[in-house]
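Accompanying notes for the structure given below.
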Amino acid sequence: MSTIKNRLSVDENAPILTATALTRLYGERVGCRDVSFSLWPGEVLGIVGESGSGKSTLLRCLAGQDRPTSGTIALNFDGVPINLFDISEPMRRQLMRTKWGIVHQNPRDGLRMDVSAGGNIGERLMDRGDRHYGKIRSSALDWLSRVEIETNRVDDYPRQFSGGMQQRLQLARVLVPEPKLVFMDEPTGGLDVSVQARLLDLLRVLVRDLGIAAIIVTHDLAVARLLTDRLMVMKDGAVVEEGLTDQVLDDPHHAYTQLLTSAVLAA
Amino acid sequence: MSAQTIDADYNFGYLDEQTKRMIRRALLKAVAIPGYQVPFGSREMPLARGWGTGGIQITAALIGPEDTLKVIDQGADDTTNAVSIRRFFARVAGVKTTEKTNEATLIQTRHRIPEYPLSKGQILVYQVPQPEPLRKVESSEVETRKMHAWSEYGAMHVRLYEDIARYGRVATSYSYPVMVNDRYVMSPTPIPKFDNPKMDHMPALQLFGAGREKRIYAVPPFTKVKSLDFEDYPFEVQKWNEPCALCGARGSYLDEVITDDRGGRMFVCSDSSYCEDRRDAGHTGTQIDWAKDKAYLDPNPDEAA
């Protein structure tokens, strides 16, 4: 496991994640059906669609939180191909902690509410074995300022933060171990428009600066347009349209995508 | 204290033989995997859970007619819990009991390790209220078992981080988590962290029983036990500015005792047997004049006179 952790080289030409014919059924009901795509390093992929279209199910499968009924997820972090559901659970958890991060819609799901902001950020470092308080502390302070939280709030609890700050704190906690791949489930959900704008701005800068590959699930097309390179449109558990973001939004082909784009005010 | 007559109405050691066998099997497994929590079928005991039923069941499963038993409660041999448990085993097993650490073969303890170093062949049985060291950071039992199984102990250090961030040092003073044999993080039970270093490479066998939580774990003799810490904030134990007020001991664990309602206080050894020994050997503390006052020390001053 330590070899996975230490090597950081990424083959720019190979996809970092390849999903093949992913299907997740809940008994008779369909979560998502026959989804295939590839994600390259540094690329930001958006998944849009209405509530119940299977976006979150797909994301949970991709993030290793839910086992798909059929299909495979191949990962390629260090030139070593891994099939996500063939490796052992401890190894999968290790990957989750070191190689990828998950940003939850509700920061309460991604933060420890009874641990200070600094502790929340530092936990990821302690997870990977850092045992030097001073270094952990300075990383925490550094990341707080990168997500635009005043560093004198480092010992405050998340519950003393506003919603937008909690979300930014969650972002810092996810990004501090420098993951290669980040999953975001409605990262701006529940925030007011100005706070959303600030968060989106921050997200865009961080994702670009760090060269992180990201998959963002959202029902907000404005978010998709601002953050993503490529877009997948889902309906009833299946992908109905896929392409470059501008292409999909400006020239939608599928009837459902046309409906979706015309349903929002001009973004 | 001498051996007492055994109460023939009970099986030797109170528990039935099948239960003892079950507990011994759990103990063997615990010794084989140092620091690992082994589930066992905890029985109803004739005292409430939370009063040391885990420790008592281990003692009952191990005790033999030749054993000499010492029971410690918060360092003292003469508090209610210690006296009752000692009397219990004198009755159901007819064993000799003692307050002297070096005379005992079996020592059941709550919240302390004796000041005298333990030796080969002795067994120290701890009463454990909460066996799971990760409980404060993770409330799910399913999750904590996975964390143990795969050595995912980063969250444990979050507690220490929080202490340093808030108080400038690790303020946790008891139940200070330890790493056993470089593998399992273990709760040392609510002993003061002062006692943690004594667990490391102890010649005696250390057994831990949690009756309510139904877990047994163990540290075999001469096993590495390391208290968790940070590289730049190494583990340290409590220190006192003054020696024991009764026996003058420095370097023993001291309890603060309030002596009056005008702010009077003194510090005395928590290990009562150790303190008594030192006084018998002629050591004195600052409070010795007070200590000579029989009216304070002797419960029956009339008899003493």
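Labels used: A, B, ... for chains in the order of the structure tokens, numbers from 1 for residues in each chain, and numbers from 1 for ligands as shown.
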
Produce a table with one row for each residue of chain B that has an atom at most 12 Å from any atom of chain A, each row naming the nearest atom pair and its distance in Å at one decimal; use only C-alpha atoms; arrange rows by chain and rising residue number; format as JSON lines.
{"residue": "B:Lys136", "atom": "CA", "partner": "A:Asp114", "partner_atom": "CA", "distance": 10.4}
{"residue": "B:Val137", "atom": "CA", "partner": "A:Arg112", "partner_atom": "CA", "distance": 9.0}
{"residue": "B:Glu138", "atom": "CA", "partner": "A:Arg112", "partner_atom": "CA", "distance": 10.0}
{"residue": "B:Ser139", "atom": "CA", "partner": "A:Arg112", "partner_atom": "CA", "distance": 12.0}
{"residue": "B:Glu143", "atom": "CA", "partner": "A:Arg93", "partner_atom": "CA", "distance": 11.8}
{"residue": "B:Lys146", "atom": "CA", "partner": "A:Pro90", "partner_atom": "CA", "distance": 8.3}
{"residue": "B:Met147", "atom": "CA", "partner": "A:Pro90", "partner_atom": "CA", "distance": 9.1}
{"residue": "B:His148", "atom": "CA", "partner": "A:Pro90", "partner_atom": "CA", "distance": 11.0}
{"residue": "B:Ala149", "atom": "CA", "partner": "A:Pro90", "partner_atom": "CA", "distance": 8.7}
{"residue": "B:Trp150", "atom": "CA", "partner": "A:Pro90", "partner_atom": "CA", "distance": 6.2}
{"residue": "B:Ser151", "atom": "CA", "partner": "A:Pro90", "partner_atom": "CA", "distance": 9.4}
{"residue": "B:Glu152", "atom": "CA", "partner": "A:Asp127", "partner_atom": "CA", "distance": 7.0}
{"residue": "B:Tyr153", "atom": "CA", "partner": "A:Asp127", "partner_atom": "CA", "distance": 6.8}
{"residue": "B:Gly154", "atom": "CA", "partner": "A:Asp127", "partner_atom": "CA", "distance": 3.9}
{"residue": "B:Ala155", "atom": "CA", "partner": "A:Glu123", "partner_atom": "CA", "distance": 6.2}
{"residue": "B:Met156", "atom": "CA", "partner": "A:Met126", "partner_atom": "CA", "distance": 8.8}
{"residue": "B:His157", "atom": "CA", "partner": "A:Met126", "partner_atom": "CA", "distance": 6.7}
{"residue": "B:Val158", "atom": "CA", "partner": "A:Gly119", "partner_atom": "CA", "distance": 5.9}
{"residue": "B:Arg159", "atom": "CA", "partner": "A:Val115", "partner_atom": "CA", "distance": 8.3}
{"residue": "B:Leu160", "atom": "CA", "partner": "A:Tyr133", "partner_atom": "CA", "distance": 9.4}
{"residue": "B:Tyr161", "atom": "CA", "partner": "A:Gly119", "partner_atom": "CA", "distance": 6.5}
{"residue": "B:Glu162", "atom": "CA", "partner": "A:Gly119", "partner_atom": "CA", "distance": 6.3}
{"residue": "B:Asp163", "atom": "CA", "partner": "A:Gly119", "partner_atom": "CA", "distance": 10.1}
{"residue": "B:Ile164", "atom": "CA", "partner": "A:Tyr133", "partner_atom": "CA", "distance": 8.4}
{"residue": "B:Ala165", "atom": "CA", "partner": "A:Asp155", "partner_atom": "CA", "distance": 6.8}
{"residue": "B:Arg166", "atom": "CA", "partner": "A:Asp155", "partner_atom": "CA", "distance": 7.3}
{"residue": "B:Tyr167", "atom": "CA", "partner": "A:Asp155", "partner_atom": "CA", "distance": 11.0}
{"residue": "B:Gly168", "atom": "CA", "partner": "A:Tyr133", "partner_atom": "CA", "distance": 10.9}
{"residue": "B:Arg169", "atom": "CA", "partner": "A:Tyr133", "partner_atom": "CA", "distance": 10.6}
{"residue": "B:Val170", "atom": "CA", "partner": "A:Tyr133", "partner_atom": "CA", "distance": 11.2}
{"residue": "B:Leu228", "atom": "CA", "partner": "A:Arg131", "partner_atom": "CA", "distance": 9.7}
{"residue": "B:Asp229", "atom": "CA", "partner": "A:Arg131", "partner_atom": "CA", "distance": 7.7}
{"residue": "B:Phe230", "atom": "CA", "partner": "A:Arg131", "partner_atom": "CA", "distance": 5.0}
{"residue": "B:Glu231", "atom": "CA", "partner": "A:His132", "partner_atom": "CA", "distance": 5.1}
{"residue": "B:Asp232", "atom": "CA", "partner": "A:His132", "partner_atom": "CA", "distance": 5.8}
{"residue": "B:Tyr233", "atom": "CA", "partner": "A:Tyr133", "partner_atom": "CA", "distance": 7.2}
{"residue": "B:Pro234", "atom": "CA", "partner": "A:His132", "partner_atom": "CA", "distance": 10.0}

I want to know what sits within 8 Å of range 198-208 of chain B, based on only C-alpha atoms, with residues of the same chain fewer than 2 positions away left out; could you give that as a PDB file with N, CA and C atoms, in the first residue's frame?
ATOM      1  N   LEU B  27      -8.948 -15.414  26.962  1.00  0.00           N
ATOM      2  CA  LEU B  27      -7.689 -14.879  27.482  1.00  0.00           C
ATOM      3  C   LEU B  27      -6.506 -15.360  26.638  1.00  0.00           C
ATOM      4  N   GLY B  54     -15.868  -7.121  34.742  1.00  0.00           N
ATOM      5  CA  GLY B  54     -14.947  -7.702  33.765  1.00  0.00           C
ATOM      6  C   GLY B  54     -13.698  -8.219  34.444  1.00  0.00           C
ATOM      7  N   GLY B  55     -13.130  -7.392  35.311  1.00  0.00           N
ATOM      8  CA  GLY B  55     -11.938  -7.797  36.049  1.00  0.00           C
ATOM      9  C   GLY B  55     -12.220  -8.984  36.963  1.00  0.00           C
ATOM     10  N   ILE B  58     -12.326 -12.258  35.033  1.00  0.00           N
ATOM     11  CA  ILE B  58     -10.988 -12.756  34.682  1.00  0.00           C
ATOM     12  C   ILE B  58     -10.327 -13.354  35.914  1.00  0.00           C
ATOM     13  N   ILE B 113      -1.608   1.330  38.576  1.00  0.00           N
ATOM     14  CA  ILE B 113      -0.631   0.248  38.597  1.00  0.00           C
ATOM     15  C   ILE B 113       0.211   0.496  39.846  1.00  0.00           C
ATOM     16  N   PRO B 117       7.614  -2.081  41.282  1.00  0.00           N
ATOM     17  CA  PRO B 117       7.612  -2.783  39.999  1.00  0.00           C
ATOM     18  C   PRO B 117       7.095  -4.207  40.174  1.00  0.00           C
ATOM     19  N   LEU B 118       6.289  -4.664  39.234  1.00  0.00           N
ATOM     20  CA  LEU B 118       5.796  -6.027  39.298  1.00  0.00           C
ATOM     21  C   LEU B 118       6.855  -6.967  38.739  1.00  0.00           C
ATOM     22  N   SER B 119       6.759  -8.232  39.121  1.00  0.00           N
ATOM     23  CA  SER B 119       7.806  -9.162  38.686  1.00  0.00           C
ATOM     24  C   SER B 119       7.212 -10.322  37.896  1.00  0.00           C
ATOM     25  N   LYS B 120       8.109 -11.096  37.335  1.00  0.00           N
ATOM     26  CA  LYS B 120       7.746 -12.252  36.528  1.00  0.00           C
ATOM     27  C   LYS B 120       6.816 -13.165  37.321  1.00  0.00           C
ATOM     28  N   GLY B 121       5.820 -13.697  36.686  1.00  0.00           N
ATOM     29  CA  GLY B 121       4.932 -14.630  37.367  1.00  0.00           C
ATOM     30  C   GLY B 121       3.705 -13.979  37.967  1.00  0.00           C
ATOM     31  N   GLN B 122       3.741 -12.676  38.149  1.00  0.00           N
ATOM     32  CA  GLN B 122       2.559 -11.996  38.669  1.00  0.00           C
ATOM     33  C   GLN B 122       1.592 -11.678  37.523  1.00  0.00           C
ATOM     34  N   ILE B 123       0.316 -11.576  37.864  1.00  0.00           N
ATOM     35  CA  ILE B 123      -0.692 -11.212  36.865  1.00  0.00           C
ATOM     36  C   ILE B 123      -1.443  -9.980  37.357  1.00  0.00           C
ATOM     37  N   LEU B 124      -1.537  -8.982  36.493  1.00  0.00           N
ATOM     38  CA  LEU B 124      -2.255  -7.758  36.828  1.00  0.00           C
ATOM     39  C   LEU B 124      -3.548  -7.737  36.013  1.00  0.00           C
ATOM     40  N   VAL B 125      -4.684  -7.718  36.705  1.00  0.00           N
ATOM     41  CA  VAL B 125      -5.994  -7.724  36.035  1.00  0.00           C
ATOM     42  C   VAL B 125      -6.629  -6.341  36.168  1.00  0.00           C
ATOM     43  N   TYR B 126      -6.913  -5.708  35.041  1.00  0.00           N
ATOM     44  CA  TYR B 126      -7.503  -4.370  35.060  1.00  0.00           C
ATOM     45  C   TYR B 126      -9.015  -4.458  34.880  1.00  0.00           C
ATOM     46  N   GLN B 127      -9.723  -3.625  35.601  1.00  0.00           N
ATOM     47  CA  GLN B 127     -11.152  -3.444  35.347  1.00  0.00           C
ATOM     48  C   GLN B 127     -11.299  -2.352  34.294  1.00  0.00           C
ATOM     49  N   VAL B 128     -12.088  -2.641  33.254  1.00  0.00           N
ATOM     50  CA  VAL B 128     -12.156  -1.732  32.112  1.00  0.00           C
ATOM     51  C   VAL B 128     -13.577  -1.213  31.905  1.00  0.00           C
ATOM     52  N   ASP B 195       1.132   6.201  34.853  1.00  0.00           N
ATOM     53  CA  ASP B 195       1.385   4.756  34.908  1.00  0.00           C
ATOM     54  C   ASP B 195       1.680   4.132  33.547  1.00  0.00           C
ATOM     55  N   ASN B 196       1.418   4.882  32.469  1.00  0.00           N
ATOM     56  CA  ASN B 196       1.609   4.296  31.134  1.00  0.00           C
ATOM     57  C   ASN B 196       2.995   3.693  30.918  1.00  0.00           C
ATOM     58  N   ALA B 210     -13.567  -6.064  30.339  1.00  0.00           N
ATOM     59  CA  ALA B 210     -14.674  -5.113  30.321  1.00  0.00           C
ATOM     60  C   ALA B 210     -15.969  -5.924  30.373  1.00  0.00           C
ATOM     61  N   ILE B 216     -12.287  -8.698  26.251  1.00  0.00           N
ATOM     62  CA  ILE B 216     -11.073  -9.007  26.998  1.00  0.00           C
ATOM     63  C   ILE B 216      -9.889  -8.684  26.108  1.00  0.00           C
ATOM     64  N   TYR B 217      -8.866  -8.027  26.655  1.00  0.00           N
ATOM     65  CA  TYR B 217      -7.628  -7.872  25.907  1.00  0.00           C
ATOM     66  C   TYR B 217      -6.446  -7.999  26.843  1.00  0.00           C
ATOM     67  N   ALA B 218      -5.253  -8.110  26.269  1.00  0.00           N
ATOM     68  CA  ALA B 218      -4.105  -8.457  27.103  1.00  0.00           C
ATOM     69  C   ALA B 218      -2.819  -7.868  26.564  1.00  0.00           C
ATOM     70  N   VAL B 219      -1.872  -7.683  27.475  1.00  0.00           N
ATOM     71  CA  VAL B 219      -0.497  -7.358  27.102  1.00  0.00           C
ATOM     72  C   VAL B 219       0.386  -8.424  27.730  1.00  0.00           C
ATOM     73  N   PRO B 220       0.986  -9.300  26.926  1.00  0.00           N
ATOM     74  CA  PRO B 220       1.847 -10.344  27.485  1.00  0.00           C
ATOM     75  C   PRO B 220       3.098  -9.726  28.122  1.00  0.00           C
ATOM     76  N   PRO B 221       3.799 -10.491  28.977  1.00  0.00           N
ATOM     77  CA  PRO B 221       5.012  -9.953  29.594  1.00  0.00           C
ATOM     78  C   PRO B 221       6.012  -9.486  28.543  1.00  0.00           C
ATOM     79  N   PHE B 222       6.776  -8.481  28.883  1.00  0.00           N
ATOM     80  CA  PHE B 222       7.849  -7.964  28.038  1.00  0.00           C
ATOM     81  C   PHE B 222       7.368  -7.593  26.641  1.00  0.00           C
ATOM     82  N   THR B 223       6.267  -6.873  26.580  1.00  0.00           N
ATOM     83  CA  THR B 223       5.732  -6.423  25.296  1.00  0.00           C
ATOM     84  C   THR B 223       5.869  -4.905  25.215  1.00  0.00           C
ATOM     85  N   LYS B 224       6.163  -4.426  24.000  1.00  0.00           N
ATOM     86  CA  LYS B 224       6.322  -2.985  23.818  1.00  0.00           C
ATOM     87  C   LYS B 224       4.963  -2.283  23.914  1.00  0.00           C
ATOM     88  N   VAL B 225       4.902  -1.296  24.782  1.00  0.00           N
ATOM     89  CA  VAL B 225       3.694  -0.477  24.926  1.00  0.00           C
ATOM     90  C   VAL B 225       4.126   0.983  24.827  1.00  0.00           C
ATOM     91  N   LYS B 226       3.681   1.650  23.770  1.00  0.00           N
ATOM     92  CA  LYS B 226       4.135   3.025  23.560  1.00  0.00           C
ATOM     93  C   LYS B 226       2.943   3.979  23.592  1.00  0.00           C
TER      94      LYS B 226
END

Close residues, Thr261 in chain A itself excluded, 8 Å, only C-alpha atoms, min 4 positions apart in chain, as a PyMOL selection string: chain A and resi 221+249+252+257

Tell me, as JSON, numbers by chain, which residues lie within 8 Å of range 11-18 of chain B, counting only C-alpha atoms; anything in the same chain fewer than 3 positions away does not count. {"B": [8, 21, 22, 57, 60, 61, 63, 89, 92, 93]}

Test item: residues at most 10 Å from range 170-177 of chain A, only C-alpha atoms, excluding those fewer than 4 positions along its chain, as number ranges by chain: A: 97-112, 117-128, 139-140, 142-149, 158, 164-166, 181-184, 187, 199, 202-203, 206-207, 210, 212
